file structure_35.cif (mmCIF, C-alpha atoms (C1' of nucleotides))
data_upload
#
loop_
_atom_site.label_atom_id
_atom_site.label_comp_id
_atom_site.auth_asym_id
_atom_site.auth_seq_id
_atom_site.Cartn_x
_atom_site.Cartn_y
_atom_site.Cartn_z
CA MET N 1 104.91 112.69 115.26
CA PHE N 2 105.68 112.92 111.71
CA ARG N 3 106.36 109.24 111.77
CA LEU N 4 106.28 106.51 109.23
CA ASN N 5 104.18 103.66 110.49
CA ARG N 6 105.92 100.43 111.25
CA LEU N 7 104.62 98.41 108.32
CA THR N 8 105.84 101.04 105.90
CA ASP N 9 109.19 101.00 107.58
CA TYR N 10 109.34 97.22 107.23
CA ALA N 11 108.27 97.51 103.63
CA THR N 12 111.26 99.65 102.80
CA VAL N 13 113.55 97.10 104.41
CA VAL N 14 111.93 94.31 102.42
CA MET N 15 112.03 96.27 99.18
CA THR N 16 115.64 97.23 99.72
CA LEU N 17 116.46 93.57 100.12
CA MET N 18 114.60 92.76 96.93
CA ALA N 19 116.53 95.47 95.14
CA GLU N 20 119.83 93.78 95.85
CA GLU N 21 119.05 91.06 93.35
CA PRO N 22 116.11 92.31 91.33
CA SER N 23 115.78 89.25 89.14
CA ARG N 24 115.81 86.73 91.95
CA LEU N 25 112.56 85.18 93.07
CA ARG N 26 112.20 85.24 96.84
CA GLY N 27 109.54 83.76 99.06
CA ALA N 28 108.05 85.30 102.16
CA SER N 29 109.80 82.82 104.44
CA GLU N 30 113.20 83.53 103.00
CA ILE N 31 112.70 87.27 103.34
CA ALA N 32 111.39 86.88 106.86
CA GLU N 33 114.47 84.94 107.85
CA ILE N 34 116.90 87.46 106.42
CA THR N 35 115.14 90.52 107.76
CA ARG N 36 114.19 88.89 111.08
CA LEU N 37 110.61 89.95 110.64
CA GLU N 38 107.66 87.66 111.31
CA GLN N 39 106.72 85.54 108.33
CA PRO N 40 103.01 86.46 108.36
CA THR N 41 103.89 90.12 108.52
CA VAL N 42 106.23 89.80 105.56
CA ALA N 43 103.56 87.90 103.66
CA LYS N 44 101.11 90.68 104.31
CA LEU N 45 103.56 93.29 103.10
CA LEU N 46 104.36 91.33 99.96
CA LYS N 47 100.68 91.05 99.16
CA LEU N 48 100.23 94.79 99.50
CA LEU N 49 103.33 95.57 97.49
CA GLY N 50 102.21 93.16 94.81
CA LYS N 51 98.76 94.66 94.69
CA ALA N 52 100.32 98.09 94.27
CA GLY N 53 102.21 96.90 91.23
CA LEU N 54 105.68 97.08 92.74
CA LEU N 55 106.25 93.34 92.84
CA SER N 56 105.24 90.52 90.55
CA SER N 57 104.31 87.21 92.10
CA VAL N 58 104.71 83.63 91.04
CA ARG N 59 102.29 81.29 92.70
CA GLY N 60 102.64 77.66 93.54
CA ALA N 61 105.54 75.64 94.85
CA ARG N 62 108.88 77.42 94.39
CA GLY N 63 106.96 80.58 93.81
CA GLY N 64 107.76 83.97 95.23
CA TYR N 65 108.09 87.63 94.44
CA ARG N 66 110.45 89.82 92.48
CA LEU N 67 110.63 93.48 91.57
CA LEU N 68 108.39 94.43 88.71
CA ARG N 69 110.51 97.45 87.85
CA SER N 70 114.19 98.14 88.27
CA PRO N 71 115.37 99.66 91.56
CA GLU N 72 115.93 103.10 90.10
CA GLN N 73 112.34 103.13 88.87
CA ILE N 74 110.83 102.43 92.28
CA SER N 75 110.69 105.29 94.74
CA VAL N 76 110.29 105.52 98.46
CA GLY N 77 107.10 107.40 97.74
CA ASP N 78 105.78 104.42 95.80
CA ILE N 79 106.35 102.20 98.81
CA ILE N 80 104.67 104.58 101.22
CA ALA N 81 101.70 104.91 98.91
CA ALA N 82 101.49 101.14 98.55
CA ILE N 83 101.27 100.52 102.30
CA ASP N 84 99.74 103.69 103.67
CA GLY N 85 97.50 104.70 100.85
CA PRO N 86 97.49 108.10 99.22
CA PHE N 87 99.32 111.02 100.72
CA ALA N 88 97.17 113.48 102.61
CA MET N 89 98.62 115.85 105.13
CA THR N 90 95.32 116.91 106.67
CA GLU N 91 91.99 115.20 107.17
CA CYS N 92 90.13 118.20 105.89
CA GLY N 93 86.97 116.97 104.31
CA VAL N 94 87.17 113.41 105.60
CA HIS N 95 84.06 114.02 107.62
CA GLY N 96 82.20 115.13 104.54
CA GLY N 97 82.13 118.88 104.39
CA HIS N 98 81.89 119.34 108.12
CA CYS N 99 84.05 122.36 107.51
CA HIS N 100 82.01 124.89 105.61
CA HIS N 101 84.84 127.38 105.30
CA GLU N 102 87.06 125.09 103.30
CA SER N 103 87.12 127.23 100.24
CA HIS N 104 88.36 130.20 102.25
CA CYS N 105 90.73 128.27 104.47
CA GLN N 106 94.21 129.29 103.46
CA VAL N 107 95.80 127.03 106.04
CA ARG N 108 94.49 123.83 104.49
CA GLY N 109 95.47 124.92 101.04
CA ASN N 110 98.99 125.52 102.24
CA TRP N 111 99.15 122.12 103.87
CA ARG N 112 98.07 120.51 100.69
CA LYS N 113 100.84 122.28 98.81
CA ILE N 114 103.43 121.36 101.39
CA GLY N 115 102.23 117.77 101.32
CA LEU N 116 102.50 117.61 97.56
CA ALA N 117 106.01 118.98 97.75
CA ILE N 118 107.08 116.37 100.26
CA GLU N 119 105.43 113.66 98.24
CA SER N 120 107.29 114.64 95.10
CA ALA N 121 110.50 114.74 97.09
CA LEU N 122 109.94 111.21 98.36
CA ARG N 123 109.12 110.08 94.88
CA SER N 124 112.53 111.23 93.76
CA VAL N 125 114.37 108.96 96.20
CA THR N 126 114.68 105.54 94.60
CA LEU N 127 115.39 102.07 95.88
CA LEU N 128 118.76 102.30 94.21
CA ASP N 129 119.55 105.24 96.49
CA MET N 130 118.48 103.22 99.49
CA VAL N 131 120.62 100.24 98.56
CA ALA N 132 123.75 102.14 97.72
CA PRO N 133 123.56 105.78 98.60
CA GLY N 134 127.28 106.37 98.41
CA PRO N 135 129.37 107.42 101.40
CA GLY N 136 128.52 111.09 101.65
CA TRP N 137 124.95 111.05 100.46
CA THR N 138 122.57 113.40 102.12
CA PRO N 139 119.19 114.24 100.66
CA LYS N 140 118.90 117.98 100.42
CA ILE N 141 115.30 119.10 100.56
CA THR N 142 114.64 122.75 100.07
CA VAL N 143 111.45 124.74 100.12
CA GLU N 144 111.39 127.64 97.77
CA ARG N 145 109.19 130.42 98.96
CA PRO N 146 108.61 133.91 97.73
CA ARG N 147 108.38 136.91 99.97
CA ALA N 148 105.20 136.66 101.99
CA LEU N 149 102.68 139.45 102.02
CA PRO N 150 101.28 141.25 105.09
CA ALA N 151 98.70 139.32 107.07
CA THR N 152 95.07 140.14 106.56
CA LEU N 153 93.50 136.73 106.21
CA GLN N 154 90.62 135.62 108.38
CA VAL N 155 90.87 132.02 109.50
CA GLU N 156 87.61 130.33 110.30
CA CYS N 157 88.09 126.71 109.55
CA GLU N 158 86.62 124.13 111.86
CA ALA N 159 87.30 120.47 112.51
CA MET G 1 99.42 107.55 105.29
CA PHE G 2 101.89 110.19 105.76
CA ARG G 3 99.39 112.19 107.71
CA LEU G 4 99.66 114.96 110.18
CA ASN G 5 97.66 114.11 113.25
CA ARG G 6 94.60 116.17 113.92
CA LEU G 7 95.89 118.08 116.92
CA THR G 8 98.88 119.27 114.94
CA ASP G 9 96.58 120.33 112.16
CA TYR G 10 94.46 122.27 114.64
CA ALA G 11 97.57 123.79 116.12
CA THR G 12 98.54 125.31 112.80
CA VAL G 13 95.09 126.81 112.46
CA VAL G 14 95.32 128.27 115.96
CA MET G 15 98.82 129.57 115.42
CA THR G 16 97.88 131.10 112.09
CA LEU G 17 95.08 132.94 113.84
CA MET G 18 97.49 134.15 116.50
CA ALA G 19 99.83 135.35 113.80
CA GLU G 20 97.23 137.71 112.41
CA GLU G 21 97.61 139.98 115.41
CA PRO G 22 100.78 138.89 117.16
CA SER G 23 100.61 141.41 119.96
CA ARG G 24 97.02 140.70 120.94
CA LEU G 25 96.28 138.60 123.98
CA ARG G 26 93.70 135.92 123.22
CA GLY G 27 92.00 133.45 125.53
CA ALA G 28 91.18 129.85 124.73
CA SER G 29 87.45 130.56 124.53
CA GLU G 30 87.88 133.35 122.04
CA ILE G 31 90.08 131.22 119.83
CA ALA G 32 87.69 128.30 120.10
CA GLU G 33 84.84 130.46 118.96
CA ILE G 34 86.67 131.83 115.95
CA THR G 35 88.12 128.53 114.83
CA ARG G 36 85.01 126.52 115.75
CA LEU G 37 87.11 124.05 117.68
CA GLU G 38 86.14 122.74 121.11
CA GLN G 39 87.29 124.99 123.88
CA PRO G 40 89.00 122.23 125.94
CA THR G 41 90.86 121.09 122.86
CA VAL G 42 92.07 124.60 122.15
CA ALA G 43 93.11 124.95 125.78
CA LYS G 44 95.12 121.78 125.53
CA LEU G 45 96.82 122.99 122.37
CA LEU G 46 97.64 126.35 123.90
CA LYS G 47 99.20 124.63 126.90
CA LEU G 48 101.39 122.52 124.65
CA LEU G 49 102.35 125.44 122.46
CA GLY G 50 103.16 127.50 125.53
CA LYS G 51 105.24 124.73 127.00
CA ALA G 52 107.17 124.53 123.75
CA GLY G 53 108.04 128.19 123.97
CA LEU G 54 105.99 129.33 121.02
CA LEU G 55 103.44 131.24 123.08
CA SER G 56 103.66 133.24 126.25
CA SER G 57 100.82 133.01 128.71
CA VAL G 58 99.26 135.47 131.10
CA ARG G 59 97.41 133.85 133.96
CA GLY G 60 94.45 135.06 135.89
CA ALA G 61 91.34 136.89 134.83
CA ARG G 62 91.70 138.61 131.45
CA GLY G 63 94.70 136.41 130.83
CA GLY G 64 95.47 134.62 127.62
CA TYR G 65 98.18 133.79 125.15
CA ARG G 66 100.19 135.62 122.55
CA LEU G 67 103.04 134.76 120.22
CA LEU G 68 106.40 134.78 121.87
CA ARG G 69 108.20 135.40 118.59
CA SER G 70 107.15 137.16 115.42
CA PRO G 71 105.34 135.11 112.76
CA GLU G 72 108.32 134.93 110.47
CA GLN G 73 110.37 133.46 113.28
CA ILE G 74 107.96 130.59 113.96
CA SER G 75 107.97 127.70 111.54
CA VAL G 76 105.56 124.93 110.74
CA GLY G 77 108.27 122.60 111.95
CA ASP G 78 108.24 124.29 115.32
CA ILE G 79 104.52 123.68 115.63
CA ILE G 80 104.77 120.03 114.65
CA ALA G 81 107.58 119.50 117.12
CA ALA G 82 105.57 121.22 119.85
CA ILE G 83 102.55 118.95 119.44
CA ASP G 84 104.00 115.73 118.13
CA GLY G 85 107.34 115.70 119.77
CA PRO G 86 110.64 115.30 117.99
CA PHE G 87 110.80 114.22 114.38
CA ALA G 88 111.59 110.59 113.84
CA MET G 89 110.75 108.81 110.64
CA THR G 90 111.32 105.31 111.99
CA GLU G 91 110.92 103.72 115.39
CA CYS G 92 114.33 102.17 115.14
CA GLY G 93 115.77 101.94 118.60
CA VAL G 94 112.56 102.84 120.42
CA HIS G 95 112.47 99.36 121.87
CA GLY G 96 115.98 99.74 123.16
CA GLY G 97 118.40 97.99 120.86
CA HIS G 98 116.02 95.22 119.85
CA CYS G 99 117.68 95.56 116.50
CA HIS G 100 121.24 94.37 116.82
CA HIS G 101 122.14 95.16 113.25
CA GLU G 102 121.49 98.84 113.59
CA SER G 103 125.02 99.89 112.90
CA HIS G 104 124.99 98.05 109.58
CA CYS G 105 121.50 98.96 108.55
CA GLN G 106 121.75 101.33 105.64
CA VAL G 107 118.00 101.67 105.34
CA ARG G 108 117.55 103.27 108.73
CA GLY G 109 120.40 105.63 108.14
CA ASN G 110 118.78 106.75 104.92
CA TRP G 111 115.45 107.27 106.60
CA ARG G 112 117.10 109.39 109.21
CA LYS G 113 118.66 111.55 106.53
CA ILE G 114 115.43 111.88 104.61
CA GLY G 115 113.63 112.76 107.82
CA LEU G 116 116.16 115.44 108.66
CA ALA G 117 115.78 116.89 105.19
CA ILE G 118 112.01 117.08 105.51
CA GLU G 119 112.34 118.54 108.95
CA SER G 120 114.60 121.30 107.76
CA ALA G 121 112.22 122.00 104.90
CA LEU G 122 109.29 122.35 107.29
CA ARG G 123 111.36 124.58 109.49
CA SER G 124 111.80 126.95 106.59
CA VAL G 125 108.06 127.49 106.16
CA THR G 126 107.00 130.18 108.59
CA LEU G 127 103.72 131.31 110.05
CA LEU G 128 103.99 134.40 107.90
CA ASP G 129 103.92 132.15 104.85
CA MET G 130 100.84 130.42 106.16
CA VAL G 131 99.00 133.65 106.84
CA ALA G 132 99.79 135.31 103.56
CA PRO G 133 101.43 133.03 101.07
CA GLY G 134 100.70 135.20 98.09
CA PRO G 135 98.51 134.09 95.22
CA GLY G 136 100.85 131.79 93.35
CA TRP G 137 102.83 130.36 96.19
CA THR G 138 103.90 126.77 95.91
CA PRO G 139 106.55 125.23 98.09
CA LYS G 140 109.10 123.55 95.90
CA ILE G 141 110.85 120.74 97.71
CA THR G 142 113.70 119.05 95.92
CA VAL G 143 115.92 116.20 96.94
CA GLU G 144 119.42 116.43 95.67
CA ARG G 145 121.03 113.08 95.12
CA PRO G 146 124.24 112.01 93.50
CA ARG G 147 124.56 109.02 91.25
CA ALA G 148 124.02 105.89 93.30
CA LEU G 149 126.55 103.09 93.31
CA PRO G 150 125.93 99.44 92.42
CA ALA G 151 124.13 97.43 95.07
CA THR G 152 126.15 95.17 97.31
CA LEU G 153 124.74 95.90 100.72
CA GLN G 154 123.37 93.22 102.99
CA VAL G 155 120.24 94.24 104.83
CA GLU G 156 119.61 92.45 108.08
CA CYS G 157 117.70 94.82 110.24
CA GLU G 158 114.89 93.56 112.40
CA ALA G 159 111.90 95.16 114.06
"C1'" DG P 1 97.46 62.71 89.35
"C1'" DC P 2 98.75 63.88 94.00
"C1'" DG P 3 100.75 66.04 97.60
"C1'" DA P 4 103.60 69.73 99.01
"C1'" DT P 5 104.42 74.46 98.72
"C1'" DA P 6 103.47 79.13 98.38
"C1'" DA P 7 100.62 83.10 97.12
"C1'" DG P 8 95.60 85.31 97.51
"C1'" DG P 9 92.05 86.72 100.31
"C1'" DT P 10 89.22 87.51 104.29
"C1'" DA P 11 88.20 88.02 108.85
"C1'" DC P 12 89.39 88.62 113.54
"C1'" DC P 13 91.57 90.09 117.96
"C1'" DA P 14 94.63 92.59 120.93
"C1'" DT P 15 96.97 96.46 121.79
"C1'" DT P 16 98.33 100.95 121.32
"C1'" DC P 17 97.62 105.63 120.50
"C1'" DC P 18 94.83 109.65 120.04
"C1'" DA P 19 91.39 113.03 121.05
"C1'" DG P 20 88.63 114.73 124.14
"C1'" DT P 21 86.92 115.45 129.05
"C1'" DC P 22 87.33 116.45 133.73
"C1'" DC P 23 89.24 117.86 138.03
"C1'" DT P 24 92.11 120.45 140.93
"C1'" DA P 25 95.61 124.01 141.70
"C1'" DT P 26 97.35 128.77 140.87
"C1'" DT P 27 97.15 133.43 139.57
"C1'" DT P 28 95.11 137.97 138.71
"C1'" DA P 29 91.35 141.57 137.88
"C1'" DG P 30 87.79 143.84 139.89
"C1'" DC D 1 86.83 137.91 148.40
"C1'" DT D 2 85.15 136.22 144.25
"C1'" DA D 3 85.14 135.32 139.51
"C1'" DA D 4 87.81 134.36 135.55
"C1'" DA D 5 91.28 132.35 133.30
"C1'" DT D 6 95.62 129.53 132.77
"C1'" DA D 7 98.59 125.20 134.57
"C1'" DG D 8 98.94 120.67 134.95
"C1'" DG D 9 97.53 116.41 135.73
"C1'" DA D 10 94.63 111.95 135.30
"C1'" DC D 11 91.26 109.43 133.02
"C1'" DT D 12 88.33 107.36 129.30
"C1'" DG D 13 86.10 106.02 124.90
"C1'" DG D 14 87.07 104.95 120.41
"C1'" DA D 15 89.56 104.31 116.34
"C1'" DA D 16 93.47 102.70 113.96
"C1'" DT D 17 97.35 99.60 113.73
"C1'" DG D 18 99.56 95.51 113.36
"C1'" DG D 19 99.71 91.01 114.04
"C1'" DT D 20 97.38 86.22 113.48
"C1'" DA D 21 94.63 82.57 111.76
"C1'" DC D 22 92.11 80.19 108.37
"C1'" DC D 23 90.77 78.86 104.01
"C1'" DT D 24 91.27 79.06 98.90
"C1'" DT D 25 93.82 78.91 94.62
"C1'" DA D 26 97.67 77.88 91.79
"C1'" DT D 27 101.99 75.55 90.48
"C1'" DC D 28 105.84 72.34 90.85
"C1'" DG D 29 108.07 67.85 91.57
"C1'" DC D 30 107.47 63.23 92.03
#

call {"tool": "encode", "arguments": {"input": "structure_35.cif", "output": "structure tokens"}}
result
Amino acid sequence: MFRLNRLTDYATVVMTLMAEEPSRLRGASEIAEITRLEQPTVAKLLKLLGKAGLLSSVRGARGGYRLLRSPEQISVGDIIAAIDGPFAMTECGVHGGHCHHESHCQVRGNWRKIGLAIESALRSVTLLDMVAPGPGWTPKITVERPRALPATLQVECEA
Amino acid sequence: MFRLNRLTDYATVVMTLMAEEPSRLRGASEIAEITRLEQPTVAKLLKLLGKAGLLSSVRGARGGYRLLRSPEQISVGDIIAAIDGPFAMTECGVHGGHCHHESHCQVRGNWRKIGLAIESALRSVTLLDMVAPGPGWTPKITVERPRALPATLQVECEA
DNA sequence: GCGATAAGGTACCATTCCAGTCCTATTTAG
DNA sequence: CTAAATAGGACTGGAATGGTACCTTATCGC
């Protein structure tokens, strides 16, 4: 599937909640109660989001987290990157050059481009959009593509 | 990560190869040899792609597979759907209504919309594009979004 | 100052999912 | 009839996920 993993999904819920009152300091327990998620899970998410620079934390009693930037300056892409790590459509090269046709592999290059396009699209959807998208909001994602040329390419990419 | 799983990745390589000579019947072993993938893995992919209606199969000795439609009529989205199943950004509702705030959960609704937008974008990239994208090809994905309204929404969505 | 509270960090376990293998039909060429 | 190739399962090892526990560090209120 082209599926968001669960933690990332939760993270967007948590961040959307935070965006409702950006200046308010909230603790993990409070957030867990409102979102009905497990407290340890929320704590884990908050740590990750803090580490990624999306939240600032206040330690000690009556501590908590708040948004480090305003909702319109935090994107869905930021949240995904914070939880899931960097975008990468394919695993090409993960196993250290196991694929010795990489430089000639058009398919991988295309995936990379498509991935970058999706990433930039997700980076353009902000928390403010998530909180209050407006009644008729629909993200319109379009792929612009020139006329393709006749096929002559040899594909020999392994792994 | 927002990562394609490996089988789907392989499937695009296989399908791109098939697109080079759409009318030619190819067996799993031949494809495995060219792509350097394991033969059983290729066989599995071909079965799935056939089941999804992207390839037609000819059984028996000298049998094989060929594209059922022309390369420009088969999209990357088709391939992903064939291997990974239907698009679904979130798992909301997978565990049968465990989330009793679904109807009020703006976040999930937004994810669904974003997912649909990405899906339609992927459906607009065809095998022909993958085979011969042209030298300067870059998919340009844009999300159109109106001015968001002030935040007042209550988020209470679990799981 | 002290205890309570809450974040920071690390490590661990259980489960799920994925990728790959294997086995047994079924079909067709020769 | 036999060999070759797809069809369609079932099964398994391993990796990744996601949830938990434990301890440390920092701050607040008394």

call {"tool": "interface_residues", "arguments": {"input": "structure_35.cif", "of": "chain P", "to": "chain N", "cutoff": "8 Å", "atoms": "all atoms listed in the file", "output": "list of chain:residue names"}}
result
P:DA4, P:DT5, P:DA6, P:DA7, P:DG8

call {"tool": "closest_residue", "arguments": {"input": "structure_35.cif", "among": "N:Lys44, N:Gly85, N:Ile114, N:Arg123", "to": "chain D", "atoms": "all atoms listed in the file"}}
result
N:Lys44

call {"tool": "atom_distance", "arguments": {"input": "structure_35.cif", "atom1": "atom CA of Leu25 of chain G", "atom2": "atom CA of Arg66 of chain G"}}
result
5.1 Å

call {"tool": "resolve_selection", "arguments": {"input": "structure_35.cif", "expression": "the PyMOL selection byres ((chain D and resi 16) around 12)", "output": "ChimeraX atom specification"}}
result
/N:5 /G:1 /P:15-18 /D:14-15,17-18

call {"tool": "closest_residue", "arguments": {"input": "structure_35.cif", "among": "G:Thr8, G:Ser120, G:Asn110, G:Ser70", "to": "Met89 of chain G", "atoms": "all atoms listed in the file"}}
result
G:Asn110

call {"tool": "residues_near_point", "arguments": {"input": "structure_35.cif", "point": "(87.2, 113.8, 125.5)", "cutoff": "9 Å", "atoms": "all atoms listed in the file", "output": "list in words"}}
result
Pro40 and Thr41 of chain G; DA19, DG20, DT21 and DC22 of chain P; DT12 and DG13 of chain D

call {"tool": "resolve_selection", "arguments": {"input": "structure_35.cif", "expression": "the PyMOL selection byres ((chain N and resi 87) around 8)", "output": "PyMOL selection string"}}
result
(chain N and resi 81+84-86+88-89+115-116+119) or (chain G and resi 1-3)

call {"tool": "resolve_selection", "arguments": {"input": "structure_35.cif", "expression": "the PyMOL selection byres ((chain P and resi 9) around 9)", "output": "PyMOL selection string"}}
result
(chain P and resi 8+10) or (chain D and resi 23-24)

call {"tool": "atom_distance", "arguments": {"input": "structure_35.cif", "atom1": "atom CA of Val125 of chain N", "atom2": "atom CA of Glu72 of chain N"}}
result
8.6 Å

call {"tool": "interface_residues", "arguments": {"input": "structure_35.cif", "of": "chain D", "to": "chain N", "cutoff": "6 Å", "atoms": "only C-alpha atoms (C1' of nucleotides)", "output": "NGL selection string"}}
result
:D and (26-28)

call {"tool": "residues_around", "arguments": {"input": "structure_35.cif", "residues": "Val107 of chain N", "least_positions_apart": "6", "cutoff": "8 Å", "atoms": "all atoms listed in the file", "output": "list in words"}}
result
Val155 of chain N; Thr12, Val13, Thr16, Met130 and Val131 of chain G

call {"tool": "closest_residue", "arguments": {"input": "structure_35.cif", "among": "N:Ser75, N:Gly53, N:Met18, N:Asp9", "to": "chain G", "atoms": "all atoms listed in the file"}}
result
N:Asp9

call {"tool": "axis_aligned_box", "arguments": {"input": "structure_35.cif", "around": "segment 71-75 of chain G", "padding_each_side": "5 Å", "output": "JSON"}}
result
{"center_x": 107.9, "center_y": 131.4, "center_z": 112.2, "size_x": 15.0, "size_y": 17.4, "size_z": 13.5}

call {"tool": "atom_distance", "arguments": {"input": "structure_35.cif", "atom1": "atom CA of Ser56 of chain N", "atom2": "atom CA of Leu68 of chain N"}}
result
5.3 Å

call {"tool": "closest_residue", "arguments": {"input": "structure_35.cif", "among": "G:Ile79, G:Leu55, G:Val42, G:Leu37", "to": "chain N", "atoms": "only C-alpha atoms"}}
result
G:Leu37

call {"tool": "closest_residue", "arguments": {"input": "structure_35.cif", "among": "P:DA29, P:DG3, P:DT24, P:DA14", "to": "DG8 of chain D", "atoms": "all atoms listed in the file"}}
result
P:DT24

call {"tool": "closest_residue", "arguments": {"input": "structure_35.cif", "among": "G:Gln39, G:Thr126, G:Thr90, G:Gln73", "to": "chain N", "atoms": "all atoms listed in the file"}}
result
G:Thr90
